[in-house]
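J.: What follows is work_1.pdb; its format and atoms are PDB, C-alpha atoms.
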```pdb
ATOM      1  CA  MET Y   1      -4.643 -31.034  62.473  1.00  0.00           C
ATOM      2  CA  LYS Y   2      -4.160 -33.109  59.316  1.00  0.00           C
ATOM      3  CA  LEU Y   3      -6.519 -32.420  56.406  1.00  0.00           C
ATOM      4  CA  ALA Y   4      -7.803 -35.326  54.327  1.00  0.00           C
ATOM      5  CA  VAL Y   5      -7.397 -35.104  50.565  1.00  0.00           C
ATOM      6  CA  THR Y   6      -9.912 -36.941  48.423  1.00  0.00           C
ATOM      7  CA  ALA Y   7      -9.440 -37.956  44.805  1.00  0.00           C
ATOM      8  CA  PRO Y   8     -12.063 -37.106  42.199  1.00  0.00           C
ATOM      9  CA  ASP Y   9     -14.345 -39.898  40.976  1.00  0.00           C
ATOM     10  CA  ARG Y  10     -13.285 -39.333  37.369  1.00  0.00           C
ATOM     11  CA  LEU Y  11     -10.189 -38.462  35.430  1.00  0.00           C
ATOM     12  CA  ALA Y  12     -10.634 -35.709  32.861  1.00  0.00           C
ATOM     13  CA  VAL Y  13      -8.269 -35.395  29.910  1.00  0.00           C
ATOM     14  CA  ARG Y  14      -8.179 -32.575  27.401  1.00  0.00           C
ATOM     15  CA  THR Y  15      -6.494 -32.942  24.021  1.00  0.00           C
ATOM     16  CA  VAL Y  16      -5.733 -29.811  22.049  1.00  0.00           C
ATOM     17  CA  PRO Y  17      -4.464 -30.032  18.463  1.00  0.00           C
ATOM     18  CA  VAL Y  18      -1.849 -27.463  17.523  1.00  0.00           C
ATOM     19  CA  PRO Y  19      -1.612 -26.646  13.771  1.00  0.00           C
ATOM     20  CA  ASP Y  20       2.152 -25.982  13.797  1.00  0.00           C
ATOM     21  CA  PRO Y  21       3.666 -26.781  17.185  1.00  0.00           C
ATOM     22  CA  GLY Y  22       7.256 -26.145  16.113  1.00  0.00           C
ATOM     23  CA  ASP Y  23       9.792 -27.811  18.404  1.00  0.00           C
ATOM     24  CA  LEU Y  24       7.745 -30.164  20.609  1.00  0.00           C
ATOM     25  CA  LEU Y  25      10.493 -30.476  23.213  1.00  0.00           C
ATOM     26  CA  ALA Y  26      10.543 -26.691  23.579  1.00  0.00           C
ATOM     27  CA  ARG Y  27       6.836 -26.837  24.533  1.00  0.00           C
ATOM     28  CA  LEU Y  28       7.557 -28.816  27.710  1.00  0.00           C
ATOM     29  CA  PRO Y  29       6.882 -26.523  30.697  1.00  0.00           C
ATOM     30  CA  HIS Y  30       9.111 -28.360  33.222  1.00  0.00           C
ATOM     31  CA  PRO Y  31      11.396 -31.407  33.528  1.00  0.00           C
ATOM     32  CA  SER Y  32       8.648 -33.713  34.871  1.00  0.00           C
ATOM     33  CA  ALA Y  33       6.550 -33.309  31.711  1.00  0.00           C
ATOM     34  CA  LEU Y  34       6.410 -36.165  29.203  1.00  0.00           C
ATOM     35  CA  ALA Y  35       7.081 -36.296  25.481  1.00  0.00           C
ATOM     36  CA  TRP Y  36       6.673 -39.013  22.869  1.00  0.00           C
ATOM     37  CA  ILE Y  37       8.321 -37.830  19.675  1.00  0.00           C
ATOM     38  CA  ARG Y  38       9.364 -39.663  16.514  1.00  0.00           C
ATOM     39  CA  HIS Y  39      10.611 -38.040  13.335  1.00  0.00           C
ATOM     40  CA  GLY Y  40       9.592 -34.599  14.611  1.00  0.00           C
ATOM     41  CA  GLU Y  41       5.972 -35.562  15.355  1.00  0.00           C
ATOM     42  CA  GLY Y  42       4.454 -36.663  18.627  1.00  0.00           C
ATOM     43  CA  ILE Y  43       2.704 -35.633  21.771  1.00  0.00           C
ATOM     44  CA  VAL Y  44       3.721 -33.742  24.899  1.00  0.00           C
ATOM     45  CA  GLY Y  45       1.852 -33.791  28.185  1.00  0.00           C
ATOM     46  CA  TRP Y  46       1.938 -32.653  31.771  1.00  0.00           C
ATOM     47  CA  GLY Y  47      -0.301 -32.525  34.815  1.00  0.00           C
ATOM     48  CA  GLU Y  48      -1.344 -34.772  37.660  1.00  0.00           C
ATOM     49  CA  ALA Y  49      -3.616 -37.780  37.972  1.00  0.00           C
TER
END
```
Just give me the structure of the file as structure tokens.
T.:
Amino acid sequence: MKLAVTAPDRLAVRTVPVPDPGDLLARLPHPSALAWIRHGEGIVGWGEA
């Protein structure tokens, strides 16, 4: 039997500021995570949509 998977009606995003993140690349939990970094500042993200 194959189970159907339904997508949620909405996409929820949570942004969390970090006072001193240190090395942003070191914060990536796995290779499929994303990072936008310039001059030591930026954003890292991971998850599914």
J.: Taking the file above as input, evaluate the PyMOL selection byres ((chain Y and resi 18) around 12) and report the hits as a ChimeraX atom specification.
T.: /Y:15-17,19-24,27,41-44
J.: Please measure the separation of CA of Ala26 (chain Y) and CA of Trp46 (chain Y), giving the value in Å to one decimal.
T.: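 Taking CA of Ala26 (chain Y) as the start and CA of Trp46 (chain Y) as the end point, the length is 13.3 Å.
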J.: Closest to Leu11 (chain Y) among Y:Gly47, Y:Gly40, Y:Ala35, Y:Leu25, using all atoms listed in the file?
T.: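 Of all the options, Y:Gly47 lies closest to Leu11 (chain Y).
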J.: Here's the selection I'm unsure about, the PyMOL selection byres ((chain Y and resi 31-33) around 6); applied to the file above, which residues does it give, as a list of chain:residue names?
T.: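 Applying the PyMOL selection byres ((chain Y and resi 31-33) around 6) to the structure shown produces Y:His30, Y:Leu34, Y:Gly45, Y:Trp46.
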